[in-house]
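The file start-v4.csv contains CSV, C-alpha atoms:
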chain,number,residue,atom,x,y,z
A,24,MET,CA,99.8,60.5,-8.7
A,25,ASP,CA,97.7,63.6,-8.1
A,26,PHE,CA,95.8,65.1,-11.1
A,27,ARG,CA,94.6,68.2,-9.3
A,28,THR,CA,95.9,70.8,-6.9
A,29,THR,CA,93.9,70.9,-3.6
A,30,ILE,CA,93.7,74.0,-1.5
A,31,HIS,CA,94.8,73.3,2.1
A,32,THR,CA,93.4,75.8,4.6
A,33,ARG,CA,95.0,76.6,7.9
A,34,ASP,CA,94.7,73.9,10.6
A,35,GLY,CA,93.5,74.7,14.0
A,36,GLU,CA,91.2,77.6,12.9
A,37,HIS,CA,88.1,76.0,14.6
A,38,PHE,CA,87.0,79.1,16.5
A,39,MET,CA,83.4,79.2,15.2
A,40,ARG,CA,80.5,77.7,17.0
A,41,HIS,CA,77.0,76.9,15.7
A,42,SER,CA,75.6,79.1,18.5
A,43,ASP,CA,77.6,82.1,17.5
A,44,LYS,CA,76.2,85.2,15.8
A,45,MET,CA,77.8,86.0,12.5
A,46,MET,CA,77.7,88.7,9.8
A,47,LEU,CA,78.6,88.6,6.1
A,48,ILE,CA,79.1,91.7,4.0
A,49,GLY,CA,80.3,92.3,0.5
A,50,SER,CA,80.0,90.7,-2.9
A,51,CYS,CA,77.1,88.4,-3.8
A,52,PHE,CA,79.4,85.5,-2.8
A,53,SER,CA,78.4,86.6,0.7
A,54,ASP,CA,74.8,85.9,-0.2
A,55,ASN,CA,75.8,82.4,-1.3
A,56,ILE,CA,77.5,81.4,1.9
A,57,GLY,CA,75.0,83.4,3.9
A,58,ALA,CA,72.3,81.2,2.5
A,59,LYS,CA,74.2,78.2,3.7
A,60,LEU,CA,74.5,79.6,7.2
A,61,ARG,CA,70.7,80.4,7.2
A,62,ASP,CA,70.0,76.8,6.1
A,63,ALA,CA,72.1,75.8,9.1
A,64,MET,CA,69.7,77.9,11.2
A,65,MET,CA,72.6,80.1,12.5
A,66,GLN,CA,72.1,83.6,13.8
A,67,VAL,CA,73.5,85.4,10.8
A,68,GLU,CA,73.0,88.9,9.3
A,69,VAL,CA,73.8,89.0,5.5
A,70,ASN,CA,74.6,92.2,3.5
A,71,PRO,CA,72.7,94.8,5.5
A,72,PHE,CA,73.3,97.3,2.7
A,73,GLY,CA,72.6,94.7,0.0
A,74,THR,CA,75.3,93.4,-2.3
A,75,VAL,CA,78.4,95.6,-2.2
A,76,PHE,CA,81.3,94.9,-4.5
A,77,ASN,CA,84.2,97.3,-4.1
A,78,PRO,CA,86.3,97.5,-0.9
A,79,LEU,CA,85.9,101.3,-0.3
A,80,SER,CA,82.1,101.0,-0.3
A,81,ILE,CA,82.3,97.9,1.9
A,82,ALA,CA,84.5,99.8,4.4
A,83,GLY,CA,82.1,102.7,4.3
A,84,ALA,CA,79.1,100.4,5.0
A,85,ILE,CA,80.8,98.8,8.0
A,86,ASN,CA,81.7,102.2,9.4
A,87,LYS,CA,78.0,103.3,9.1
A,88,ILE,CA,77.0,100.1,10.9
A,89,ILE,CA,79.5,100.8,13.7
A,90,ASP,CA,78.3,104.4,14.1
A,91,ASN,CA,74.6,103.3,13.7
A,92,GLU,CA,74.4,106.2,11.2
A,93,THR,CA,70.9,107.3,10.3
A,94,ILE,CA,70.1,108.1,6.7
A,95,ALA,CA,68.5,111.5,6.8
A,96,GLY,CA,66.7,111.4,3.4
A,97,VAL,CA,68.7,113.9,1.4
A,98,GLU,CA,70.8,111.0,0.2
A,99,LEU,CA,67.9,109.5,-1.6
A,100,PHE,CA,67.1,110.3,-5.3
A,101,MET,CA,64.4,109.3,-7.7
A,102,ASN,CA,65.3,107.3,-10.8
A,103,ASN,CA,63.2,104.9,-12.9
A,104,GLY,CA,60.2,105.4,-10.7
A,105,VAL,CA,61.8,104.4,-7.4
A,106,TRP,CA,63.8,106.1,-4.6
A,107,ASN,CA,67.4,105.0,-4.5
A,108,CYS,CA,70.5,105.5,-2.3
A,109,TYR,CA,74.0,105.2,-3.7
A,110,ASP,CA,75.1,103.4,-0.5
A,111,PHE,CA,72.4,100.7,-0.8
A,112,HIS,CA,71.6,97.9,-3.3
A,113,SER,CA,68.5,98.3,-5.5
A,114,ARG,CA,66.6,95.8,-3.3
A,115,PHE,CA,66.2,98.7,-0.9
A,116,SER,CA,64.7,100.9,-3.6
A,117,MET,CA,61.0,101.6,-3.3
A,118,SER,CA,58.4,103.8,-4.9
A,119,SER,CA,57.7,105.5,-1.5
A,120,LYS,CA,60.6,107.6,-0.2
A,121,ASP,CA,59.5,107.2,3.4
A,122,ALA,CA,59.2,103.4,3.1
A,123,ALA,CA,62.7,103.2,1.5
A,124,LEU,CA,64.2,105.4,4.2
A,125,GLU,CA,62.5,103.4,7.0
A,126,ARG,CA,63.8,100.1,5.5
A,127,MET,CA,67.4,101.4,5.1
A,128,ASN,CA,67.5,102.8,8.6
A,129,ARG,CA,66.0,99.7,10.2
A,130,SER,CA,68.6,97.6,8.4
A,131,ILE,CA,71.4,99.7,9.8
A,132,SER,CA,70.0,99.7,13.3
A,133,THR,CA,69.5,95.9,13.2
A,134,ALA,CA,73.0,95.4,11.9
A,135,HIS,CA,74.5,97.6,14.5
A,136,GLU,CA,73.0,95.6,17.3
A,137,HIS,CA,73.9,92.3,15.7
A,138,LEU,CA,77.6,93.3,15.0
A,139,ALA,CA,78.1,94.3,18.6
A,140,GLN,CA,77.4,90.7,19.6
A,141,CYS,CA,79.0,88.9,16.6
A,142,LYS,CA,81.9,86.5,17.0
A,143,SER,CA,82.8,86.5,13.3
A,144,LEU,CA,82.5,88.9,10.3
A,145,VAL,CA,83.2,87.6,6.8
A,146,VAL,CA,84.1,90.3,4.3
A,147,THR,CA,84.1,89.4,0.6
A,148,LEU,CA,85.7,91.8,-1.8
A,149,GLY,CA,84.4,91.5,-5.4
A,150,THR,CA,86.3,94.1,-7.5
A,151,ALA,CA,88.9,96.9,-7.1
A,152,VAL,CA,87.1,99.0,-9.7
A,153,VAL,CA,85.3,102.0,-8.1
A,154,TYR,CA,82.8,104.5,-9.4
A,155,ARG,CA,82.9,108.1,-8.1
A,156,ARG,CA,80.2,110.7,-8.5
A,157,ARG,CA,81.4,113.6,-10.6
A,158,ASP,CA,79.5,116.1,-8.6
A,159,THR,CA,80.7,115.1,-5.1
A,160,GLY,CA,83.7,112.7,-5.6
A,161,GLU,CA,81.8,110.1,-3.5
A,162,VAL,CA,82.5,106.4,-4.2
A,163,VAL,CA,79.1,104.7,-4.8
A,164,SER,CA,78.1,101.1,-4.0
A,165,ASN,CA,75.5,101.0,-6.8
A,166,CYS,CA,75.0,103.2,-9.8
A,167,HIS,CA,71.2,102.4,-10.0
A,168,LYS,CA,71.3,102.7,-13.8
A,169,VAL,CA,72.1,106.4,-13.6
A,170,PRO,CA,73.9,107.5,-16.9
A,171,GLN,CA,77.6,106.6,-16.8
A,172,HIS,CA,78.7,110.1,-17.7
A,173,GLU,CA,77.7,111.0,-14.1
A,174,PHE,CA,80.6,108.9,-12.7
A,175,THR,CA,84.3,108.5,-13.1
A,176,ARG,CA,85.6,104.9,-13.1
A,177,ARG,CA,89.0,103.7,-12.0
A,178,LEU,CA,91.0,100.9,-10.4
A,179,ALA,CA,91.6,101.7,-6.7
A,180,SER,CA,95.3,101.2,-5.7
A,181,VAL,CA,96.6,98.7,-3.3
A,182,ASP,CA,97.6,101.4,-0.8
A,183,GLU,CA,94.2,103.1,-1.0
A,184,ILE,CA,92.4,99.8,-0.3
A,185,THR,CA,94.9,98.7,2.4
A,186,GLY,CA,94.4,102.1,4.2
A,187,ALA,CA,90.6,101.9,4.1
A,188,LEU,CA,90.5,98.3,5.3
A,189,ASN,CA,93.1,98.8,8.0
A,190,ALA,CA,91.2,101.7,9.4
A,191,THR,CA,88.0,99.8,9.4
A,192,VAL,CA,89.5,96.7,11.0
A,193,GLU,CA,90.9,98.8,13.8
A,194,ARG,CA,87.5,100.4,14.3
A,195,LEU,CA,85.8,97.0,14.3
A,196,HIS,CA,88.3,95.7,17.0
A,197,GLU,CA,87.6,98.7,19.1
A,198,PHE,CA,83.8,98.3,18.7
A,199,ASN,CA,83.8,94.6,19.4
A,200,PRO,CA,87.1,93.2,20.7
A,201,GLU,CA,85.9,89.6,20.5
A,202,LEU,CA,85.2,89.8,16.8
A,203,ARG,CA,87.2,87.7,14.4
A,204,ILE,CA,87.4,89.0,10.8
A,205,ILE,CA,87.7,86.8,7.8
A,206,PHE,CA,88.5,88.4,4.4
A,207,THR,CA,87.9,86.6,1.1
A,208,VAL,CA,88.0,87.4,-2.6
A,209,SER,CA,84.9,86.5,-4.5
A,210,PRO,CA,85.4,83.8,-7.2
A,211,ILE,CA,82.7,85.6,-9.3
A,212,ARG,CA,84.3,87.0,-12.4
A,213,HIS,CA,83.8,90.7,-13.3
A,214,ILE,CA,84.3,90.4,-17.1
A,215,ALA,CA,82.4,93.5,-18.3
A,216,ASP,CA,85.8,95.2,-18.8
A,217,GLY,CA,87.6,92.1,-20.0
A,218,LEU,CA,89.4,89.2,-18.3
A,219,GLU,CA,92.7,91.2,-18.1
A,220,MET,CA,91.0,93.8,-15.9
A,221,ASN,CA,89.3,91.1,-13.9
A,222,SER,CA,92.7,89.5,-13.2
A,223,LEU,CA,94.3,92.8,-12.3
A,224,SER,CA,91.4,93.7,-10.0
A,225,LYS,CA,91.5,90.4,-8.1
A,226,ALA,CA,95.3,90.7,-7.8
A,227,VAL,CA,95.0,94.2,-6.2
A,228,LEU,CA,92.4,92.9,-3.8
A,229,ARG,CA,94.5,89.9,-2.8
A,230,VAL,CA,97.6,92.0,-2.1
A,231,ALA,CA,95.6,94.6,-0.1
A,232,ILE,CA,94.0,91.8,2.0
A,233,ASN,CA,97.5,90.3,2.6
A,234,ASN,CA,98.7,93.6,3.9
A,235,VAL,CA,95.8,93.9,6.3
A,236,VAL,CA,96.1,90.3,7.6
A,237,ARG,CA,99.8,90.8,8.3
A,238,SER,CA,99.1,93.9,10.3
A,239,HIS,CA,96.3,92.4,12.4
A,240,LYS,CA,96.9,88.6,12.3
A,241,GLU,CA,95.7,88.2,15.9
A,242,TRP,CA,92.1,88.7,14.8
A,243,VAL,CA,92.1,88.9,11.0
A,244,SER,CA,92.6,86.0,8.5
A,245,TYR,CA,92.0,85.0,4.9
A,246,PHE,CA,89.8,82.3,3.4
A,247,PRO,CA,90.8,81.2,-0.1
A,248,ALA,CA,87.4,81.0,-1.8
A,249,PHE,CA,88.9,82.6,-5.0
A,250,GLU,CA,91.8,80.1,-5.1
A,251,ILE,CA,89.5,77.1,-4.5
A,252,VAL,CA,87.5,77.9,-7.6
A,253,ILE,CA,90.4,79.1,-9.8
A,254,ASP,CA,93.2,76.7,-8.7
A,255,ASP,CA,91.4,73.7,-7.1
A,256,LEU,CA,88.2,73.2,-9.1
A,257,ARG,CA,89.6,75.1,-12.2
A,258,ASP,CA,87.0,73.8,-14.7
A,259,TYR,CA,84.2,75.5,-16.6
A,260,ARG,CA,81.7,72.9,-15.4
A,261,PHE,CA,81.9,74.6,-12.0
A,262,TYR,CA,80.5,77.8,-13.6
A,263,THR,CA,76.9,78.5,-14.6
A,264,ALA,CA,76.0,79.2,-18.2
A,265,ASP,CA,77.1,82.8,-17.9
A,266,MET,CA,80.7,81.6,-17.3
A,267,VAL,CA,80.8,84.2,-14.4
A,268,HIS,CA,79.1,82.7,-11.4
A,269,PRO,CA,80.0,79.5,-9.6
A,270,THR,CA,77.5,76.6,-9.8
A,271,ASP,CA,75.7,75.2,-6.8
A,272,VAL,CA,78.2,72.4,-6.7
A,273,ALA,CA,81.1,74.8,-6.5
A,274,ILE,CA,79.4,76.8,-3.8
A,275,GLU,CA,78.7,73.6,-1.8
A,276,TYR,CA,82.4,72.5,-2.2
A,277,ILE,CA,83.5,75.9,-0.8
A,278,TRP,CA,80.9,75.7,2.0
A,279,GLN,CA,82.2,72.3,3.0
A,280,THR,CA,85.8,73.6,3.1
A,281,PHE,CA,84.6,76.6,5.1
A,282,GLN,CA,83.0,74.3,7.6
A,283,ALA,CA,86.1,72.1,7.9
A,284,THR,CA,88.3,75.2,8.4
A,285,TYR,CA,86.3,77.2,11.0
A,286,PHE,CA,83.8,75.0,12.8
A,287,ASP,CA,84.4,72.4,15.5
A,288,ASP,CA,83.0,68.8,15.3
A,289,HIS,CA,80.0,69.5,17.5
A,290,SER,CA,79.0,72.5,15.4
A,291,THR,CA,79.4,70.5,12.2
A,292,GLN,CA,77.0,67.9,13.5
A,293,ALA,CA,74.6,70.7,14.5
A,294,ILE,CA,74.8,72.2,11.1
A,295,ALA,CA,74.1,68.9,9.4
A,296,ARG,CA,71.0,68.3,11.6
A,297,CYS,CA,69.7,71.8,10.9
A,298,GLU,CA,70.3,71.5,7.2
A,299,ARG,CA,68.2,68.4,7.1
A,300,VAL,CA,65.3,70.2,8.8
A,301,SER,CA,65.7,73.2,6.5
A,302,LYS,CA,65.3,70.8,3.5
A,303,ARG,CA,62.2,69.4,5.1
A,304,LEU,CA,60.8,72.9,5.6
A,305,LYS,CA,61.3,73.6,1.9
A,306,HIS,CA,59.7,70.4,0.9
A,307,ARG,CA,56.0,70.3,-0.2
A,308,PRO,CA,54.1,67.0,0.3
A,309,MET,CA,53.5,65.2,-3.0
A,310,SER,CA,50.0,64.2,-1.9
A,311,ASN,CA,46.9,66.4,-2.1
A,312,ASN,CA,45.3,64.4,0.6
A,313,PRO,CA,44.5,66.8,3.5
A,314,GLU,CA,45.3,64.1,6.1
A,315,VAL,CA,48.7,63.3,4.6
A,316,VAL,CA,49.6,67.0,4.4
A,317,GLU,CA,48.4,67.6,8.0
A,318,ARG,CA,50.4,64.6,9.3
A,319,PHE,CA,53.5,65.8,7.4
A,320,ASN,CA,53.1,69.3,8.9
A,321,ALA,CA,52.6,67.9,12.4
A,322,ASP,CA,55.7,65.7,12.1
A,323,THR,CA,57.7,68.7,10.9
A,324,GLN,CA,56.6,70.8,13.8
A,325,ALA,CA,57.6,68.0,16.2
A,326,VAL,CA,61.0,67.8,14.6
A,327,ILE,CA,61.5,71.6,15.0
A,328,ALA,CA,60.3,71.5,18.6
A,329,ASN,CA,62.9,68.7,19.4
A,330,LEU,CA,65.6,70.6,17.5
A,331,LYS,CA,64.8,73.8,19.5
A,332,LYS,CA,65.1,71.9,22.8
A,333,GLU,CA,68.7,70.9,21.9
A,334,TYR,CA,69.6,74.1,20.2
A,335,PRO,CA,67.5,76.9,21.7
A,336,TYR,CA,69.3,79.7,19.9
A,337,ILE,CA,68.6,78.5,16.4
A,338,ASN,CA,66.9,80.8,13.9
A,339,VAL,CA,64.2,78.7,12.2
Structure encoded using structure tokens:
Amino acid sequence: MDFRTTIHTRDGEHFMRHSDKMMLIGSCFSDNIGAKLRDAMMQVEVNPFGTVFNPLSIAGAINKIIDNETIAGVELFMNNGVWNCYDFHSRFSMSSKDAALERMNRSISTAHEHLAQCKSLVVTLGTAVVYRRRDTGEVVSNCHKVPQHEFTRRLASVDEITGALNATVERLHEFNPELRIIFTVSPIRHIADGLEMNSLSKAVLRVAINNVVRSHKEWVSYFPAFEIVIDDLRDYRFYTADMVHPTDVAIEYIWQTFQATYFDDHSTQAIARCERVSKRLKHRPMSNNPEVVERFNADTQAVIANLKKEYPYINV
């Protein structure tokens, strides 16, 4: 007798290789899985615009990466002592306008070059709720604590999201025909407007993604991260104290499912080896004895050197 419902992902999806270049963009769930890929020492670019939650802003960010679009400077504005851009997360905000501009443009340029060589792009949608500037009608990725009366807020429609994502997927395929695109819905709950709105928002995203996958099933697929947490784990012990974000255990479970779905056996073995070395790199020797510390560091360097011989492409 089974006492839980297990999510079964599609068989035969093992098109990812440990040596591949990848990109993740979207909700902070992209940061979670991106951190796992970095620990696996893969060549991965994560959220070049910072965390982006809504699909219209995500589509806009991808189009800017494809076009290698330069931020001119007029897009930046001062608020709370730092220069911000509505297209970028606050981690790009800086007290110096030139420094912020340089950082944003460097991120776009790096992402453009990386995306051109990528084998896989994972797009994680967080919410269908969008904020538009009242003065321009532009959808923003981040409000940067600008007063709410400067924006209008609404739920984007299925057709609106489907149209934006379809157009972006087609541009991606033209830009990089070898790219495989994986959509997912973030299991992180957006409860500021209530659980009813969160459920409606996730449902809109899920239907829109299904429309896109059906139209481009040769190179677009869906990974059920949302369903794994909601329908498989379905227990508050898999959420942190805020009852919004998945715990490390939940993220690890999703990561293991992701590996089993997309990576071949050789890549899974390489990931395991690289993860062990990553843990070693984060470890600090318990002893204060200089000789012990020196020996530990020397052993670590030897381990890395051997790993690089076997996997010369790794990003340590």
task = For A:Gln279, list every protein, DNA or RNA residue within 10 Å, evaluated using all atoms listed in the file, and leave out those in the same chain fewer than 6 positions away; present the list as a VMD selection string.
result = chain A and resid 59 273 291
message = So that I can see what lies close to A:Gly73, please list as a ChimeraX atom specification the residues with an atom at most 9 Å from it, counting all atoms listed in the file and leaving out residues fewer than 3 positions away in the same chain.
response = /A:48-51,69-70,111-115
May I have the selected residues written with C-alpha atoms, as a PDB file, in the frame of the given file?
ATOM      1  CA  ILE A  48      79.100  91.700   4.000  1.00  0.00           C
ATOM      2  CA  GLY A  49      80.300  92.300   0.500  1.00  0.00           C
ATOM      3  CA  SER A  50      80.000  90.700  -2.900  1.00  0.00           C
ATOM      4  CA  CYS A  51      77.100  88.400  -3.800  1.00  0.00           C
ATOM      5  CA  VAL A  69      73.800  89.000   5.500  1.00  0.00           C
ATOM      6  CA  ASN A  70      74.600  92.200   3.500  1.00  0.00           C
ATOM      7  CA  PHE A 111      72.400 100.700  -0.800  1.00  0.00           C
ATOM      8  CA  HIS A 112      71.600  97.900  -3.300  1.00  0.00           C
ATOM      9  CA  SER A 113      68.500  98.300  -5.500  1.00  0.00           C
ATOM     10  CA  ARG A 114      66.600  95.800  -3.300  1.00  0.00           C
ATOM     11  CA  PHE A 115      66.200  98.700  -0.900  1.00  0.00           C
TER      12      PHE A 115
END
Spatial neighbours of A:Glu250, 12 Å, all atoms listed in the file, chain gap at least 3 places, as a compact mmCIF listing (two decimals) with C-alpha atoms, in the coordinates of the input:
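Ended up saving to part-v1.txt:
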# COMPACT_ATOMS: atom_id res chain seq x y z
CA THR A 28 95.90 70.80 -6.90
CA THR A 29 93.90 70.90 -3.60
CA ILE A 30 93.70 74.00 -1.50
CA HIS A 31 94.80 73.30 2.10
CA THR A 32 93.40 75.80 4.60
CA THR A 207 87.90 86.60 1.10
CA VAL A 208 88.00 87.40 -2.60
CA SER A 209 84.90 86.50 -4.50
CA PRO A 210 85.40 83.80 -7.20
CA ILE A 211 82.70 85.60 -9.30
CA LYS A 225 91.50 90.40 -8.10
CA ALA A 226 95.30 90.70 -7.80
CA ARG A 229 94.50 89.90 -2.80
CA TYR A 245 92.00 85.00 4.90
CA PHE A 246 89.80 82.30 3.40
CA PRO A 247 90.80 81.20 -0.10
CA ILE A 253 90.40 79.10 -9.80
CA ASP A 254 93.20 76.70 -8.70
CA ASP A 255 91.40 73.70 -7.10
CA LEU A 256 88.20 73.20 -9.10
CA ARG A 257 89.60 75.10 -12.20
CA ILE A 277 83.50 75.90 -0.80
query = In Å, how far is it from atom CA of A:Leu202 to atom CA of A:Glu136?
reply = 13.5 Å
request  = Find the residues around A:Glu241 up to 12 Å (only C-alpha atoms counted), leave out those fewer than 3 positions away in its own chain, and share them as a list of chain:residue names.
outcome  = A:Glu36, A:Val192, A:Glu193, A:His196, A:Pro200, A:Glu201, A:Leu202, A:Arg203, A:Ile204, A:Ile205, A:Val235, A:Val236, A:Arg237, A:Ser238, A:Ser244
ask   = By how many Å are atom CA of A:Arg260 and atom CA of A:Phe52 apart?
value = 18.0 Å
task = Record the distance separating atom CA of A:Val105 and atom CA of A:Val169, expressed in Å with one decimal.
result = 12.2 Å
task = Using all atoms listed in the file, pick whichever of A:Val339, A:Leu47, A:Cys297, A:Ala134 has the shortest atom-to-atom distance to A:Val75.
result =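 Ranked by minimum distance to A:Val75, first place goes to A:Leu47.
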